[in-house]
$ cat input.pdb   # PDB, C-alpha atoms
ATOM      1  CA  MET P  26     -36.248 -80.843-190.169  1.00  0.00           C
ATOM      2  CA  GLN P  27     -38.957 -82.347-192.357  1.00  0.00           C
ATOM      3  CA  GLU P  28     -38.292 -85.971-193.212  1.00  0.00           C
ATOM      4  CA  PHE P  29     -39.911 -89.364-193.711  1.00  0.00           C
ATOM      5  CA  ALA P  30     -38.885 -92.983-193.280  1.00  0.00           C
ATOM      6  CA  ASN P  31     -37.690 -95.065-196.202  1.00  0.00           C
ATOM      7  CA  LYS P  32     -39.477 -98.087-194.774  1.00  0.00           C
ATOM      8  CA  GLY P  33     -43.177 -97.887-195.417  1.00  0.00           C
ATOM      9  CA  ALA P  34     -42.718 -95.445-198.277  1.00  0.00           C
ATOM     10  CA  GLY P  35     -43.159 -98.010-201.039  1.00  0.00           C
ATOM     11  CA  GLU P  36     -46.678 -96.681-201.433  1.00  0.00           C
ATOM     12  CA  ILE P  37     -45.200 -93.576-203.062  1.00  0.00           C
ATOM     13  CA  ILE P  38     -44.458 -95.676-206.150  1.00  0.00           C
ATOM     14  CA  ALA P  39     -47.979 -97.096-206.059  1.00  0.00           C
ATOM     15  CA  ASP P  40     -49.284 -93.520-206.094  1.00  0.00           C
ATOM     16  CA  ILE P  41     -47.121 -92.694-209.106  1.00  0.00           C
ATOM     17  CA  ALA P  42     -48.324 -95.816-210.898  1.00  0.00           C
ATOM     18  CA  ALA P  43     -51.936 -94.827-210.301  1.00  0.00           C
ATOM     19  CA  VAL P  44     -51.347 -91.442-211.934  1.00  0.00           C
ATOM     20  CA  ILE P  45     -49.673 -93.013-214.974  1.00  0.00           C
ATOM     21  CA  VAL P  46     -52.421 -95.609-215.416  1.00  0.00           C
ATOM     22  CA  GLU P  47     -55.098 -92.932-215.052  1.00  0.00           C
ATOM     23  CA  ASN P  48     -53.454 -90.883-217.811  1.00  0.00           C
ATOM     24  CA  LYS P  49     -52.820 -93.788-220.183  1.00  0.00           C
ATOM     25  CA  ALA P  50     -55.054 -92.467-222.973  1.00  0.00           C
ATOM     26  CA  TYR P  51     -53.830 -88.878-222.614  1.00  0.00           C
ATOM     27  CA  LEU P  52     -50.168 -89.848-222.852  1.00  0.00           C
ATOM     28  CA  SER P  53     -50.797 -91.975-225.922  1.00  0.00           C
ATOM     29  CA  GLU P  54     -52.804 -89.171-227.518  1.00  0.00           C
ATOM     30  CA  ILE P  55     -49.904 -86.753-227.095  1.00  0.00           C
ATOM     31  CA  ASP P  56     -47.408 -89.318-228.336  1.00  0.00           C
ATOM     32  CA  GLY P  57     -49.535 -90.073-231.373  1.00  0.00           C
ATOM     33  CA  LYS P  58     -49.125 -86.532-232.692  1.00  0.00           C
ATOM     34  CA  ILE P  59     -45.390 -86.859-233.357  1.00  0.00           C
ATOM     35  CA  GLY P  60     -44.489 -90.400-232.228  1.00  0.00           C
ATOM     36  CA  ASP P  61     -45.688 -93.992-232.224  1.00  0.00           C
ATOM     37  CA  GLY P  62     -48.747 -93.292-230.079  1.00  0.00           C
ATOM     38  CA  ASP P  63     -47.928 -96.068-227.619  1.00  0.00           C
ATOM     39  CA  HIS P  64     -46.303 -94.117-224.785  1.00  0.00           C
ATOM     40  CA  GLY P  65     -49.343 -94.230-222.523  1.00  0.00           C
ATOM     41  CA  VAL P  66     -50.038 -97.893-223.250  1.00  0.00           C
ATOM     42  CA  ASN P  67     -46.482 -98.984-222.507  1.00  0.00           C
ATOM     43  CA  MET P  68     -46.132 -96.786-219.436  1.00  0.00           C
ATOM     44  CA  ALA P  69     -49.452 -97.903-217.960  1.00  0.00           C
ATOM     45  CA  LYS P  70     -48.539-101.535-218.542  1.00  0.00           C
ATOM     46  CA  GLY P  71     -45.183-101.214-216.827  1.00  0.00           C
ATOM     47  CA  PHE P  72     -46.221 -99.056-213.907  1.00  0.00           C
ATOM     48  CA  GLY P  73     -49.427-101.023-213.425  1.00  0.00           C
ATOM     49  CA  ARG P  74     -47.613-104.357-213.277  1.00  0.00           C
ATOM     50  CA  ALA P  75     -45.055-102.978-210.841  1.00  0.00           C
ATOM     51  CA  ALA P  76     -47.767-101.637-208.557  1.00  0.00           C
ATOM     52  CA  GLU P  77     -49.262-105.116-208.309  1.00  0.00           C
ATOM     53  CA  ARG P  78     -45.937-106.568-207.151  1.00  0.00           C
ATOM     54  CA  LEU P  79     -44.570-104.038-204.708  1.00  0.00           C
ATOM     55  CA  ASP P  80     -45.129-104.018-200.969  1.00  0.00           C
ATOM     56  CA  PRO P  81     -46.659-100.637-200.024  1.00  0.00           C
ATOM     57  CA  ASP P  82     -45.319-101.167-196.517  1.00  0.00           C
ATOM     58  CA  GLY P  83     -41.822-101.885-197.809  1.00  0.00           C
ATOM     59  CA  THR P  84     -39.082 -99.394-198.526  1.00  0.00           C
ATOM     60  CA  LEU P  85     -39.099 -96.794-201.251  1.00  0.00           C
ATOM     61  CA  THR P  86     -35.779 -98.256-202.359  1.00  0.00           C
ATOM     62  CA  ASN P  87     -37.267-101.700-202.933  1.00  0.00           C
ATOM     63  CA  ALA P  88     -40.330-100.294-204.677  1.00  0.00           C
ATOM     64  CA  MET P  89     -38.149 -98.374-207.118  1.00  0.00           C
ATOM     65  CA  GLU P  90     -36.080-101.503-207.761  1.00  0.00           C
ATOM     66  CA  ILE P  91     -39.223-103.484-208.584  1.00  0.00           C
ATOM     67  CA  LEU P  92     -40.468-100.747-210.895  1.00  0.00           C
ATOM     68  CA  SER P  93     -37.090-100.551-212.612  1.00  0.00           C
ATOM     69  CA  ASP P  94     -37.004-104.304-213.213  1.00  0.00           C
ATOM     70  CA  VAL P  95     -40.458-104.270-214.797  1.00  0.00           C
ATOM     71  CA  LEU P  96     -39.766-101.243-216.983  1.00  0.00           C
ATOM     72  CA  MET P  97     -36.473-102.650-218.232  1.00  0.00           C
ATOM     73  CA  SER P  98     -37.703-106.164-218.990  1.00  0.00           C
ATOM     74  CA  GLU P  99     -41.426-106.088-219.697  1.00  0.00           C
ATOM     75  CA  ILE P 100     -42.399-103.029-221.727  1.00  0.00           C
ATOM     76  CA  GLY P 101     -41.526-101.966-225.216  1.00  0.00           C
ATOM     77  CA  GLY P 102     -40.515 -98.675-226.722  1.00  0.00           C
ATOM     78  CA  SER P 103     -37.638 -96.409-225.820  1.00  0.00           C
ATOM     79  CA  MET P 104     -39.056 -95.195-222.533  1.00  0.00           C
ATOM     80  CA  GLY P 105     -38.836 -98.530-220.725  1.00  0.00           C
ATOM     81  CA  PRO P 106     -35.027 -98.544-220.582  1.00  0.00           C
ATOM     82  CA  LEU P 107     -34.877 -94.807-219.891  1.00  0.00           C
ATOM     83  CA  TYR P 108     -37.283 -94.819-216.969  1.00  0.00           C
ATOM     84  CA  GLY P 109     -35.987 -98.208-215.873  1.00  0.00           C
ATOM     85  CA  MET P 110     -32.465 -96.836-215.556  1.00  0.00           C
ATOM     86  CA  MET P 111     -33.793 -93.704-213.897  1.00  0.00           C
ATOM     87  CA  PHE P 112     -35.480 -95.631-211.106  1.00  0.00           C
ATOM     88  CA  SER P 113     -32.568 -98.064-210.825  1.00  0.00           C
ATOM     89  CA  ASP P 114     -30.110 -95.235-210.261  1.00  0.00           C
ATOM     90  CA  MET P 115     -32.490 -93.537-207.847  1.00  0.00           C
ATOM     91  CA  ALA P 116     -32.773 -96.760-205.854  1.00  0.00           C
ATOM     92  CA  ASP P 117     -28.998 -97.206-205.860  1.00  0.00           C
ATOM     93  CA  GLU P 118     -28.513 -93.683-204.570  1.00  0.00           C
ATOM     94  CA  LEU P 119     -31.090 -94.122-201.807  1.00  0.00           C
ATOM     95  CA  GLY P 120     -29.867 -97.581-200.835  1.00  0.00           C
ATOM     96  CA  ASP P 121     -30.254 -98.427-197.147  1.00  0.00           C
ATOM     97  CA  THR P 122     -30.812 -94.829-196.054  1.00  0.00           C
ATOM     98  CA  GLU P 123     -33.353 -95.011-193.258  1.00  0.00           C
ATOM     99  CA  VAL P 124     -34.583 -91.421-193.166  1.00  0.00           C
ATOM    100  CA  ILE P 125     -35.178 -89.280-196.239  1.00  0.00           C
ATOM    101  CA  ASP P 126     -34.844 -85.531-195.933  1.00  0.00           C
ATOM    102  CA  ALA P 127     -34.581 -82.825-198.587  1.00  0.00           C
ATOM    103  CA  LYS P 128     -30.826 -83.307-199.056  1.00  0.00           C
ATOM    104  CA  VAL P 129     -31.213 -87.044-199.584  1.00  0.00           C
ATOM    105  CA  PHE P 130     -34.092 -86.591-201.997  1.00  0.00           C
ATOM    106  CA  ALA P 131     -32.136 -84.007-203.984  1.00  0.00           C
ATOM    107  CA  ALA P 132     -29.337 -86.546-204.451  1.00  0.00           C
ATOM    108  CA  VAL P 133     -31.872 -89.202-205.492  1.00  0.00           C
ATOM    109  CA  LEU P 134     -33.342 -86.870-208.105  1.00  0.00           C
ATOM    110  CA  ARG P 135     -29.945 -86.020-209.556  1.00  0.00           C
ATOM    111  CA  ALA P 136     -28.982 -89.687-209.735  1.00  0.00           C
ATOM    112  CA  GLY P 137     -32.142 -90.471-211.690  1.00  0.00           C
ATOM    113  CA  ARG P 138     -31.663 -87.594-214.107  1.00  0.00           C
ATOM    114  CA  ASP P 139     -28.011 -88.455-214.663  1.00  0.00           C
ATOM    115  CA  GLY P 140     -28.928 -92.071-215.375  1.00  0.00           C
ATOM    116  CA  VAL P 141     -31.325 -90.999-218.104  1.00  0.00           C
ATOM    117  CA  GLN P 142     -28.745 -88.731-219.685  1.00  0.00           C
ATOM    118  CA  GLN P 143     -26.092 -91.441-219.683  1.00  0.00           C
ATOM    119  CA  ILE P 144     -28.351 -93.598-221.849  1.00  0.00           C
ATOM    120  CA  GLY P 145     -29.998 -91.060-224.104  1.00  0.00           C
ATOM    121  CA  ASP P 146     -27.552 -88.139-224.001  1.00  0.00           C
ATOM    122  CA  ALA P 147     -30.502 -85.715-223.994  1.00  0.00           C
ATOM    123  CA  ARG P 148     -30.083 -82.128-222.843  1.00  0.00           C
ATOM    124  CA  VAL P 149     -32.502 -79.333-222.033  1.00  0.00           C
ATOM    125  CA  GLY P 150     -33.941 -78.044-225.291  1.00  0.00           C
ATOM    126  CA  ASP P 151     -33.982 -81.403-227.086  1.00  0.00           C
ATOM    127  CA  LYS P 152     -37.740 -81.883-226.464  1.00  0.00           C
ATOM    128  CA  THR P 153     -37.457 -84.880-224.128  1.00  0.00           C
ATOM    129  CA  LEU P 154     -38.251 -85.753-220.520  1.00  0.00           C
ATOM    130  CA  ILE P 155     -35.066 -83.878-219.537  1.00  0.00           C
ATOM    131  CA  ASP P 156     -36.891 -80.634-220.322  1.00  0.00           C
ATOM    132  CA  SER P 157     -39.122 -81.340-217.334  1.00  0.00           C
ATOM    133  CA  PHE P 158     -36.626 -83.192-215.123  1.00  0.00           C
ATOM    134  CA  THR P 159     -33.705 -80.737-215.073  1.00  0.00           C
ATOM    135  CA  PRO P 160     -35.790 -77.601-214.365  1.00  0.00           C
ATOM    136  CA  ALA P 161     -37.556 -79.525-211.594  1.00  0.00           C
ATOM    137  CA  ILE P 162     -34.235 -80.351-209.944  1.00  0.00           C
ATOM    138  CA  ASP P 163     -33.044 -76.778-210.375  1.00  0.00           C
ATOM    139  CA  GLY P 164     -36.258 -75.447-208.842  1.00  0.00           C
ATOM    140  CA  PHE P 165     -35.978 -77.817-205.894  1.00  0.00           C
ATOM    141  CA  ASP P 166     -32.328 -76.922-205.281  1.00  0.00           C
ATOM    142  CA  ALA P 167     -32.990 -73.197-205.589  1.00  0.00           C
ATOM    143  CA  ALA P 168     -35.809 -73.340-203.051  1.00  0.00           C
ATOM    144  CA  LEU P 169     -33.580 -75.149-200.565  1.00  0.00           C
ATOM    145  CA  ALA P 170     -30.797 -72.621-201.157  1.00  0.00           C
ATOM    146  CA  GLU P 171     -33.287 -69.877-200.270  1.00  0.00           C
ATOM    147  CA  GLY P 172     -33.951 -71.567-196.948  1.00  0.00           C
ATOM    148  CA  LYS P 173     -37.302 -73.121-197.877  1.00  0.00           C
ATOM    149  CA  ASN P 174     -38.330 -76.324-196.114  1.00  0.00           C
ATOM    150  CA  PHE P 175     -38.755 -79.722-197.788  1.00  0.00           C
ATOM    151  CA  ALA P 176     -42.469 -79.271-198.481  1.00  0.00           C
ATOM    152  CA  ASP P 177     -42.036 -75.825-200.013  1.00  0.00           C
ATOM    153  CA  ALA P 178     -39.138 -77.072-202.127  1.00  0.00           C
ATOM    154  CA  LEU P 179     -41.361 -79.875-203.406  1.00  0.00           C
ATOM    155  CA  GLY P 180     -43.899 -77.250-204.420  1.00  0.00           C
ATOM    156  CA  ALA P 181     -41.195 -75.442-206.337  1.00  0.00           C
ATOM    157  CA  LEU P 182     -40.214 -78.737-207.968  1.00  0.00           C
ATOM    158  CA  LYS P 183     -43.770 -79.263-209.210  1.00  0.00           C
ATOM    159  CA  ARG P 184     -44.064 -75.777-210.654  1.00  0.00           C
ATOM    160  CA  ALA P 185     -40.714 -76.036-212.415  1.00  0.00           C
ATOM    161  CA  ALA P 186     -41.561 -79.488-213.799  1.00  0.00           C
ATOM    162  CA  GLU P 187     -44.818 -78.138-215.229  1.00  0.00           C
ATOM    163  CA  GLU P 188     -43.085 -75.131-216.766  1.00  0.00           C
ATOM    164  CA  GLY P 189     -40.464 -77.413-218.286  1.00  0.00           C
ATOM    165  CA  ARG P 190     -43.137 -79.702-219.684  1.00  0.00           C
ATOM    166  CA  ASP P 191     -44.979 -76.772-221.232  1.00  0.00           C
ATOM    167  CA  SER P 192     -41.771 -75.421-222.759  1.00  0.00           C
ATOM    168  CA  THR P 193     -41.603 -78.457-225.046  1.00  0.00           C
ATOM    169  CA  ILE P 194     -44.550 -77.179-227.071  1.00  0.00           C
ATOM    170  CA  ASP P 195     -42.309 -74.661-228.796  1.00  0.00           C
ATOM    171  CA  LEU P 196     -39.260 -76.907-229.105  1.00  0.00           C
ATOM    172  CA  LEU P 197     -37.984 -78.737-232.163  1.00  0.00           C
ATOM    173  CA  ALA P 198     -37.469 -82.453-231.496  1.00  0.00           C
ATOM    174  CA  LYS P 199     -33.798 -83.387-231.781  1.00  0.00           C
ATOM    175  CA  LEU P 200     -33.815 -87.021-230.660  1.00  0.00           C
ATOM    176  CA  GLY P 201     -35.850 -90.134-231.443  1.00  0.00           C
ATOM    177  CA  ARG P 202     -38.406 -90.771-234.146  1.00  0.00           C
ATOM    178  CA  SER P 203     -40.019 -87.349-233.815  1.00  0.00           C
ATOM    179  CA  ALA P 204     -36.703 -85.685-234.761  1.00  0.00           C
ATOM    180  CA  ARG P 205     -37.344 -86.796-238.343  1.00  0.00           C
ATOM    181  CA  LEU P 206     -40.381 -84.525-238.499  1.00  0.00           C
ATOM    182  CA  GLY P 207     -38.319 -81.370-238.311  1.00  0.00           C
ATOM    183  CA  GLU P 208     -40.458 -78.258-237.942  1.00  0.00           C
ATOM    184  CA  ARG P 209     -43.593 -80.383-237.769  1.00  0.00           C
ATOM    185  CA  SER P 210     -42.543 -81.473-234.268  1.00  0.00           C
ATOM    186  CA  ARG P 211     -43.222 -77.984-232.952  1.00  0.00           C
ATOM    187  CA  GLY P 212     -46.567 -77.075-231.408  1.00  0.00           C
ATOM    188  CA  VAL P 213     -46.996 -80.340-229.498  1.00  0.00           C
ATOM    189  CA  LEU P 214     -46.115 -81.317-225.945  1.00  0.00           C
ATOM    190  CA  ASP P 215     -43.449 -83.980-225.639  1.00  0.00           C
ATOM    191  CA  ALA P 216     -44.939 -87.192-224.242  1.00  0.00           C
ATOM    192  CA  GLY P 217     -41.828 -88.035-222.227  1.00  0.00           C
ATOM    193  CA  ALA P 218     -41.685 -84.594-220.634  1.00  0.00           C
ATOM    194  CA  THR P 219     -45.383 -84.941-219.826  1.00  0.00           C
ATOM    195  CA  SER P 220     -45.047 -88.340-218.146  1.00  0.00           C
ATOM    196  CA  CYS P 221     -41.916 -87.166-216.320  1.00  0.00           C
ATOM    197  CA  CYS P 222     -43.849 -84.190-214.982  1.00  0.00           C
ATOM    198  CA  MET P 223     -46.569 -86.555-213.772  1.00  0.00           C
ATOM    199  CA  ILE P 224     -44.001 -88.749-212.017  1.00  0.00           C
ATOM    200  CA  LEU P 225     -42.246 -85.844-210.330  1.00  0.00           C
ATOM    201  CA  SER P 226     -45.507 -84.178-209.323  1.00  0.00           C
ATOM    202  CA  SER P 227     -46.781 -87.413-207.813  1.00  0.00           C
ATOM    203  CA  PHE P 228     -43.499 -87.830-205.941  1.00  0.00           C
ATOM    204  CA  ALA P 229     -43.961 -84.315-204.550  1.00  0.00           C
ATOM    205  CA  ASP P 230     -47.571 -84.860-203.530  1.00  0.00           C
ATOM    206  CA  SER P 231     -46.960 -88.237-201.906  1.00  0.00           C
ATOM    207  CA  ILE P 232     -43.879 -87.088-200.018  1.00  0.00           C
ATOM    208  CA  THR P 233     -45.534 -83.884-198.838  1.00  0.00           C
ATOM    209  CA  ALA P 234     -48.356 -85.952-197.342  1.00  0.00           C
ATOM    210  CA  ARG P 235     -45.842 -87.932-195.258  1.00  0.00           C
ATOM    211  CA  LEU P 236     -43.584 -85.176-193.982  1.00  0.00           C
ATOM    212  CA  ASP P 237     -43.428 -84.733-190.223  1.00  0.00           C
TER     213      ASP P 237
END
$ encode --input "input.pdb" --output "structure tokens"
Amino acid sequence: MQEFANKGAGEIIADIAAVIVENKAYLSEIDGKIGDGDHGVNMAKGFGRAAERLDPDGTLTNAMEILSDVLMSEIGGSMGPLYGMMFSDMADELGDTEVIDAKVFAAVLRAGRDGVQQIGDARVGDKTLIDSFTPAIDGFDAALAEGKNFADALGALKRAAEEGRDSTIDLLAKLGRSARLGERSRGVLDAGATSCCMILSSFADSITARLD
């Protein structure tokens, strides 16, 4: 079975942070079309600060805890608490688990998604990060149910996350500031769904590179 060790996997979060920082301007550009325009700035600040503090040779659990703490306490906007809770719940689910296989990672993903929904109460179709997150989980689970290995399931996760992200172009925003725009919120990608897709895709890439 394909698997990787929790210890030494803290670098996965550093990889995710690098992707977010690299896409700072793009995320803010998207957000500026129907939101405050600060999504990329806030995300890059939080993920960048966390990357400076984590131990790449430490556990994935600890790295997610550090990221959660930074996102919850040091960045503004609505996404700090949402992503902060997501990574906190993911870390809680992973805990002291020493070896991470597809089943463990599936549980970690669900814990993170459920944490976001407990705060924001978003559902698929509301034009939020959930529109990328839930399809990604469903794609991952479906691939495993078909007998695919961990790496192939991660590929399915990426494709589903991208499709979910792209689906937000045609959606009407139902939550947050952009909901006030009504029909004018259509025709634009949701910034949260876009950053969520980046996070999940980076998770997939980094984990795939470490699988036995």
$ resolve_selection --input "input.pdb" --expression "the PyMOL selection byres ((chain P and resi 84-99) around 10)" --output "ChimeraX atom specification"
/P:30-39,42,67-68,70-76,78-83,100-101,103-123,125
$ residues_around --input "input.pdb" --residues "Asp191 in chain P" --least-positions-apart "5" --cutoff "12 Å" --atoms "all atoms listed in the file" --output "PyMOL selection string"
chain P and resi 150+152-154+156-157+160+184-186+196+211-222
$ atom_distance --input "input.pdb" --atom1 "CA of Val46 in chain P" --atom2 "CA of Gly65 in chain P"
7.9 Å
$ atom_distance --input "input.pdb" --atom1 "CA of Val149 in chain P" --atom2 "CA of Ile162 in chain P"
12.3 Å
$ atom_distance --input "input.pdb" --atom1 "CA of Arg235 in chain P" --atom2 "CA of Phe29 in chain P"
6.3 Å
